[in-house]
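Chemist: Take a look at the following structure, please.
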Amino acid sequence: MSPGVQRSPSLMLALATIGFAINFWAWALISPLGPLFRENGALGPLTESDVALMVAVPVIVGSLGRIPVGALTDKFGGRVMFPLVSLATIVPVLFIGLLAQSSYAAILVGGFFLGIGGTAFAVGVPFVNAWYPPERRGTAVGIFGAGMGGTAISALTTVQLYEGLGSAAPFLITAALLAVYAVVAWVVMRDAPGRTAPSGSLVGRLVSNAKLPVTWQACVLYAVAFGGYVAFSVYLPSYLKTAYELTPADAANRMAGFVVVAVLMRPVGGWLSDRFGPIVVLAGGYAVVVVGAAIASTTPLLEYLGTIAFLSMAAALGSGSGATFALVAKVTEPARVGGVTGLVGAAGGLGGFVPPLIMGYVYGRTDSYAIGLVLLSVTAALTLVLTLTVVRSTLRQAEPAHA
């Protein structure tokens, strides 16, 4: 069966989404175990900042890695890059599962390379984008983005597998799934008909893509939307355990609920962007985060107002993430989508890297998370202003040309 054999867009979208979910599952393996490692002393005495760094390292690597991986996907296509990223992620997964769980330094090293799994996002967006016409790309890329639910799978299963089947179990299972997916992707996946590889050097294309106005604007939007989601998904277990004295398993389950809501809202955000435009969806999402983060900063009762605030933010951040790439799809040439996605995806991951460190640092100095959540509210407010002014202007200028 030759690489040129065509497949249906729906099948390609499904394969990309599954691959994204499995790689994100692997990417998020350390986060649910952070509070557990601190509690059982397996890595020695750990401070809140130590745990924050441990869960944040894969995020920063996975974020920066999206820049070259997105550009490489423009060049070589998703059929090559999806199996390659999946196979590369197996190595750190097995290293952590079998060798690293008695040393904090080893966990950091393993987490560094575990970040490879986070680059799968920059493979899937240009791959899916090329299979769909412009008027359906927001929905399609939003559905693909639901693969970020791999972090929910990790939250729901990692602690249970670790405690029930042994410390290596969640890592061995994830490695096996990555291997199976890599084989299936290579055999079944095909790049979109008519896909053309861009010319020029990798560095030259990165510089060219970085100069596009939509690139830096989408970077800001995604750093707040997806960055906020990532920050909560990796740090929420530690936050809930400390602020509300929950058990590690209960905190992980509640974090999974946050993730599920965000995941479900991501394709909804893409679909709404196709129907009403991305500006409306983005502005509404950031407004919700402004209010939700302000409420959460008061540490309200979790059973009532606290749960509403966090789940409302999850919905807003998920829909905003989907709307950001609906915006990218509307104003970016198809041959540039991978490169732009890599840069924007990196900004989103970096947006998720910084808040856990700030939260850990602030809590270590003040015994309170309020300042960190107030900063999130202020940041969302500034991003709302940017959306309604500069980003709206960019979309209006670009739409006639693409039409």
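Labels used: A, B, ... for chains in the order of the structure tokens, numbers from 1 for residues in each chain, and numbers from 1 for ligands as shown.
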Write out as a Markdown table a residue-level contact list of stretch 341-376 of chain A versus stretch 109-125 of chain A with cut-off 10 Å: for each qualifying residue the closest pair of atoms and the distance in Å to one decimal, counting only C-alpha atoms, rows sorted by chain and residue number upward.
Modeler:
```
| residue | atom | partner | partner_atom | distance |
| --- | --- | --- | --- | --- |
| A:Thr341 | CA | A:Ala122 | CA | 5.8 |
| A:Gly342 | CA | A:Ala122 | CA | 5.2 |
| A:Leu343 | CA | A:Ala122 | CA | 8.7 |
| A:Val344 | CA | A:Ala122 | CA | 9.0 |
| A:Gly345 | CA | A:Ala122 | CA | 6.6 |
| A:Ala346 | CA | A:Thr119 | CA | 8.7 |
| A:Gly349 | CA | A:Gly118 | CA | 8.6 |
```
Chemist: Could those selected residues go to a file with N, CA and C atoms, as a short mmCIF file (atom, residue, chain, number, x, y, z; two decimals), in the first residue's frame?
Modeler:
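Ended up saving to selection-v2.cif:
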```
data_model
loop_
_atom_site.label_atom_id
_atom_site.label_comp_id
_atom_site.auth_asym_id
_atom_site.auth_seq_id
_atom_site.Cartn_x
_atom_site.Cartn_y
_atom_site.Cartn_z
N THR A 341 1.61 27.06 13.94
CA THR A 341 1.11 26.24 15.05
C THR A 341 2.21 25.93 16.05
N GLY A 342 3.41 25.63 15.55
CA GLY A 342 4.51 25.34 16.46
C GLY A 342 4.82 26.51 17.38
N LEU A 343 4.86 27.70 16.80
CA LEU A 343 5.13 28.89 17.61
C LEU A 343 4.01 29.19 18.59
N VAL A 344 2.77 29.10 18.11
CA VAL A 344 1.62 29.37 18.98
C VAL A 344 1.50 28.29 20.06
N GLY A 345 1.70 27.03 19.64
CA GLY A 345 1.64 25.95 20.62
C GLY A 345 2.71 26.08 21.68
N ALA A 346 3.88 26.55 21.28
CA ALA A 346 4.96 26.77 22.25
C ALA A 346 4.55 27.84 23.26
N GLY A 349 2.15 26.32 25.75
CA GLY A 349 2.82 25.50 26.74
C GLY A 349 3.61 26.33 27.74
#
```
Chemist: Tell me which protein, DNA and RNA residues are within 9 Å of A:Tyr104, counting only C-alpha atoms, leaving out same-chain ones fewer than 5 positions away, and put them as a list in words.
Modeler: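 Once the adjacent positions are removed, what remains is Ala42, Leu43, Gly44, Leu46, Asp50, Met54 and Val109 of chain A.
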Chemist: Write the selection just made, keeping N, CA, C and O atoms, as a PDB file, in the first residue's frame?
Modeler:
```pdb
ATOM      1  N   ALA A  42       9.322   9.115  48.545  1.00  0.00           N
ATOM      2  CA  ALA A  42      10.107   8.248  47.660  1.00  0.00           C
ATOM      3  C   ALA A  42      11.286   8.978  47.034  1.00  0.00           C
ATOM      4  O   ALA A  42      12.315   8.370  46.727  1.00  0.00           O
ATOM      5  N   LEU A  43      11.157  10.291  46.851  1.00  0.00           N
ATOM      6  CA  LEU A  43      12.224  11.084  46.228  1.00  0.00           C
ATOM      7  C   LEU A  43      12.962  11.929  47.265  1.00  0.00           C
ATOM      8  O   LEU A  43      13.721  12.824  46.902  1.00  0.00           O
ATOM      9  N   GLY A  44      12.739  11.637  48.539  1.00  0.00           N
ATOM     10  CA  GLY A  44      13.327  12.470  49.584  1.00  0.00           C
ATOM     11  C   GLY A  44      12.387  13.607  49.936  1.00  0.00           C
ATOM     12  O   GLY A  44      11.302  13.747  49.362  1.00  0.00           O
ATOM     13  N   LEU A  46      10.507  16.911  49.775  1.00  0.00           N
ATOM     14  CA  LEU A  46      10.230  17.830  48.673  1.00  0.00           C
ATOM     15  C   LEU A  46       9.425  19.014  49.182  1.00  0.00           C
ATOM     16  O   LEU A  46       8.496  18.858  49.967  1.00  0.00           O
ATOM     17  N   ASP A  50       9.556  22.337  44.730  1.00  0.00           N
ATOM     18  CA  ASP A  50      10.149  21.154  44.096  1.00  0.00           C
ATOM     19  C   ASP A  50       9.104  20.406  43.272  1.00  0.00           C
ATOM     20  O   ASP A  50       9.371  19.976  42.139  1.00  0.00           O
ATOM     21  N   MET A  54       8.948  19.842  39.204  1.00  0.00           N
ATOM     22  CA  MET A  54       8.904  18.482  38.672  1.00  0.00           C
ATOM     23  C   MET A  54       7.776  18.314  37.646  1.00  0.00           C
ATOM     24  O   MET A  54       7.969  17.711  36.596  1.00  0.00           O
ATOM     25  N   VAL A 109      15.291  14.644  34.809  1.00  0.00           N
ATOM     26  CA  VAL A 109      15.864  14.275  33.510  1.00  0.00           C
ATOM     27  C   VAL A 109      14.820  13.555  32.662  1.00  0.00           C
ATOM     28  O   VAL A 109      14.634  13.856  31.479  1.00  0.00           O
TER      29      VAL A 109
END
```
Chemist: Using only C-alpha atoms, which protein or nucleic acid residues come within 7 Å of stretch 228-242 of chain A? Drop anything in the same chain fewer than 2 positions from it, and give the result as a PyMOL selection string.
Modeler: chain A and resi 31-32+35+55+224-226+244-248+251-252+255+259+314+317+351-353+355-356
Chemist: Using only C-alpha atoms, which of the listed residues (A:Ala381, A:Ala210, A:Ala169, A:Leu327) sits closest to A:Val291?
Modeler: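 The answer is A:Ala381, which sits nearest to A:Val291.
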Chemist: Could you pull the residues within 10 Å of stretch 366-368 of chain A, counting only C-alpha atoms, minus those fewer than 2 positions along the same chain, as a list in words?
Modeler: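 Skipping anything fewer than 2 positions along the chain leaves Thr242, Ala243, Ser297, Thr298, Thr299, Met359, Gly360, Tyr361, Val362, Tyr363, Gly364, Ala370, Ile371, Gly372 and Leu373 of chain A.
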Chemist: For the selection just defined, write its residues with N, CA, C and O atoms to a file, as a PDB file, in the first residue's frame.
Modeler:
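Output saved as selection-v6.pdb:
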```pdb
ATOM      1  N   THR A 242      -3.460  20.999  49.000  1.00  0.00           N
ATOM      2  CA  THR A 242      -2.954  21.953  49.984  1.00  0.00           C
ATOM      3  C   THR A 242      -4.032  22.914  50.464  1.00  0.00           C
ATOM      4  O   THR A 242      -4.205  23.131  51.669  1.00  0.00           O
ATOM      5  N   ALA A 243      -4.780  23.494  49.521  1.00  0.00           N
ATOM      6  CA  ALA A 243      -5.767  24.517  49.885  1.00  0.00           C
ATOM      7  C   ALA A 243      -7.017  23.932  50.526  1.00  0.00           C
ATOM      8  O   ALA A 243      -7.621  24.556  51.406  1.00  0.00           O
ATOM      9  N   SER A 297      -9.782  33.216  43.896  1.00  0.00           N
ATOM     10  CA  SER A 297      -8.725  33.793  44.734  1.00  0.00           C
ATOM     11  C   SER A 297      -9.156  33.948  46.186  1.00  0.00           C
ATOM     12  O   SER A 297      -8.316  34.089  47.073  1.00  0.00           O
ATOM     13  N   THR A 298     -10.462  33.913  46.439  1.00  0.00           N
ATOM     14  CA  THR A 298     -10.965  34.029  47.808  1.00  0.00           C
ATOM     15  C   THR A 298     -11.057  32.680  48.510  1.00  0.00           C
ATOM     16  O   THR A 298     -11.504  32.606  49.657  1.00  0.00           O
ATOM     17  N   THR A 299     -10.653  31.597  47.818  1.00  0.00           N
ATOM     18  CA  THR A 299     -10.747  30.221  48.323  1.00  0.00           C
ATOM     19  C   THR A 299     -12.154  29.939  48.849  1.00  0.00           C
ATOM     20  O   THR A 299     -12.353  29.635  50.036  1.00  0.00           O
ATOM     21  N   MET A 359       2.734  29.994  41.427  1.00  0.00           N
ATOM     22  CA  MET A 359       1.846  29.560  42.508  1.00  0.00           C
ATOM     23  C   MET A 359       2.642  28.913  43.635  1.00  0.00           C
ATOM     24  O   MET A 359       2.403  29.168  44.819  1.00  0.00           O
ATOM     25  N   GLY A 360       3.594  28.038  43.261  1.00  0.00           N
ATOM     26  CA  GLY A 360       4.416  27.385  44.273  1.00  0.00           C
ATOM     27  C   GLY A 360       5.261  28.386  45.037  1.00  0.00           C
ATOM     28  O   GLY A 360       5.383  28.306  46.268  1.00  0.00           O
ATOM     29  N   TYR A 361       5.838  29.346  44.320  1.00  0.00           N
ATOM     30  CA  TYR A 361       6.685  30.359  44.963  1.00  0.00           C
ATOM     31  C   TYR A 361       5.861  31.235  45.901  1.00  0.00           C
ATOM     32  O   TYR A 361       6.247  31.489  47.049  1.00  0.00           O
ATOM     33  N   VAL A 362       4.713  31.713  45.400  1.00  0.00           N
ATOM     34  CA  VAL A 362       3.870  32.602  46.209  1.00  0.00           C
ATOM     35  C   VAL A 362       3.362  31.878  47.449  1.00  0.00           C
ATOM     36  O   VAL A 362       3.374  32.427  48.556  1.00  0.00           O
ATOM     37  N   TYR A 363       2.922  30.615  47.264  1.00  0.00           N
ATOM     38  CA  TYR A 363       2.422  29.889  48.426  1.00  0.00           C
ATOM     39  C   TYR A 363       3.532  29.660  49.456  1.00  0.00           C
ATOM     40  O   TYR A 363       3.290  29.741  50.664  1.00  0.00           O
ATOM     41  N   GLY A 364       4.736  29.383  48.959  1.00  0.00           N
ATOM     42  CA  GLY A 364       5.852  29.172  49.873  1.00  0.00           C
ATOM     43  C   GLY A 364       6.179  30.404  50.697  1.00  0.00           C
ATOM     44  O   GLY A 364       6.710  30.289  51.811  1.00  0.00           O
ATOM     45  N   ALA A 370      -3.902  33.233  46.680  1.00  0.00           N
ATOM     46  CA  ALA A 370      -4.741  34.325  46.202  1.00  0.00           C
ATOM     47  C   ALA A 370      -4.022  35.202  45.181  1.00  0.00           C
ATOM     48  O   ALA A 370      -4.597  35.568  44.146  1.00  0.00           O
ATOM     49  N   ILE A 371      -2.767  35.547  45.457  1.00  0.00           N
ATOM     50  CA  ILE A 371      -2.048  36.462  44.556  1.00  0.00           C
ATOM     51  C   ILE A 371      -1.928  35.859  43.161  1.00  0.00           C
ATOM     52  O   ILE A 371      -2.144  36.541  42.147  1.00  0.00           O
ATOM     53  N   GLY A 372      -1.600  34.576  43.082  1.00  0.00           N
ATOM     54  CA  GLY A 372      -1.472  33.928  41.780  1.00  0.00           C
ATOM     55  C   GLY A 372      -2.767  33.947  41.000  1.00  0.00           C
ATOM     56  O   GLY A 372      -2.776  34.202  39.784  1.00  0.00           O
ATOM     57  N   LEU A 373      -3.900  33.705  41.662  1.00  0.00           N
ATOM     58  CA  LEU A 373      -5.188  33.692  40.971  1.00  0.00           C
ATOM     59  C   LEU A 373      -5.629  35.097  40.577  1.00  0.00           C
ATOM     60  O   LEU A 373      -6.258  35.289  39.532  1.00  0.00           O
TER      61      LEU A 373
END
```
Chemist: Quick one: everything within 7 Å of stretch 146-150 of chain A, counting only C-alpha atoms, minus sequence neighbours fewer than 4 positions away in the same chain. Send it as a ChimeraX atom specification.
Modeler: /A:17-18,20-22,24-25,142,154,259-260,263-264,266-267
Chemist: Mind giving me the straight-line distance from atom CA of A:Gly338 to atom CA of A:Ile67 in Å, one decimal?
Modeler: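 Separating atom CA of A:Gly338 from atom CA of A:Ile67 is a distance of 8.8 Å.
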Chemist: Would you mind reading off the distance between atom CA of A:Arg190 and atom CA of A:Met12, one decimal, in Å?
Modeler: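 Going from atom CA of A:Arg190 over to atom CA of A:Met12 covers 7.4 Å.
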Chemist: Report as a list in words all protein, DNA and RNA residues lying within 10 Å of A:Ser208, evaluated on only C-alpha atoms, omitting residues in the same chain fewer than 5 positions from it.
Modeler: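 The residues that qualify are Leu202, Val203, Arg336, Gly339 and Val340 of chain A.
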Chemist: Using only C-alpha atoms, which protein or nucleic acid residues come within 12 Å of A:Leu386? Drop anything in the same chain fewer than 5 positions from it, and give the result as an NGL selection string.
Modeler: :A and (216-221 or 224 or 279 or 282-283 or 286 or 379-381 or 391-394)
Chemist: For A:Leu375, which residue out of A:Pro213, A:Ala294, A:Ile308, A:Ala249 is the nearest one, using only C-alpha atoms?
Modeler: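 Once distances to A:Leu375 are computed over only C-alpha atoms, the minimum belongs to A:Ala294.
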Chemist: One decimal, Å: what's the distance from atom CA of A:Ala52 over to atom CA of A:Phe144, could you say?
Modeler: 28.3 Å
Chemist: Looking only at the backbone, which of the residues in stretch 193-313 of chain A does DSSP tag as alpha helix (DSSP H), as a PyMOL selection string?
Modeler: chain A and resi 202-210+213-244+248-276+278-296+307-313
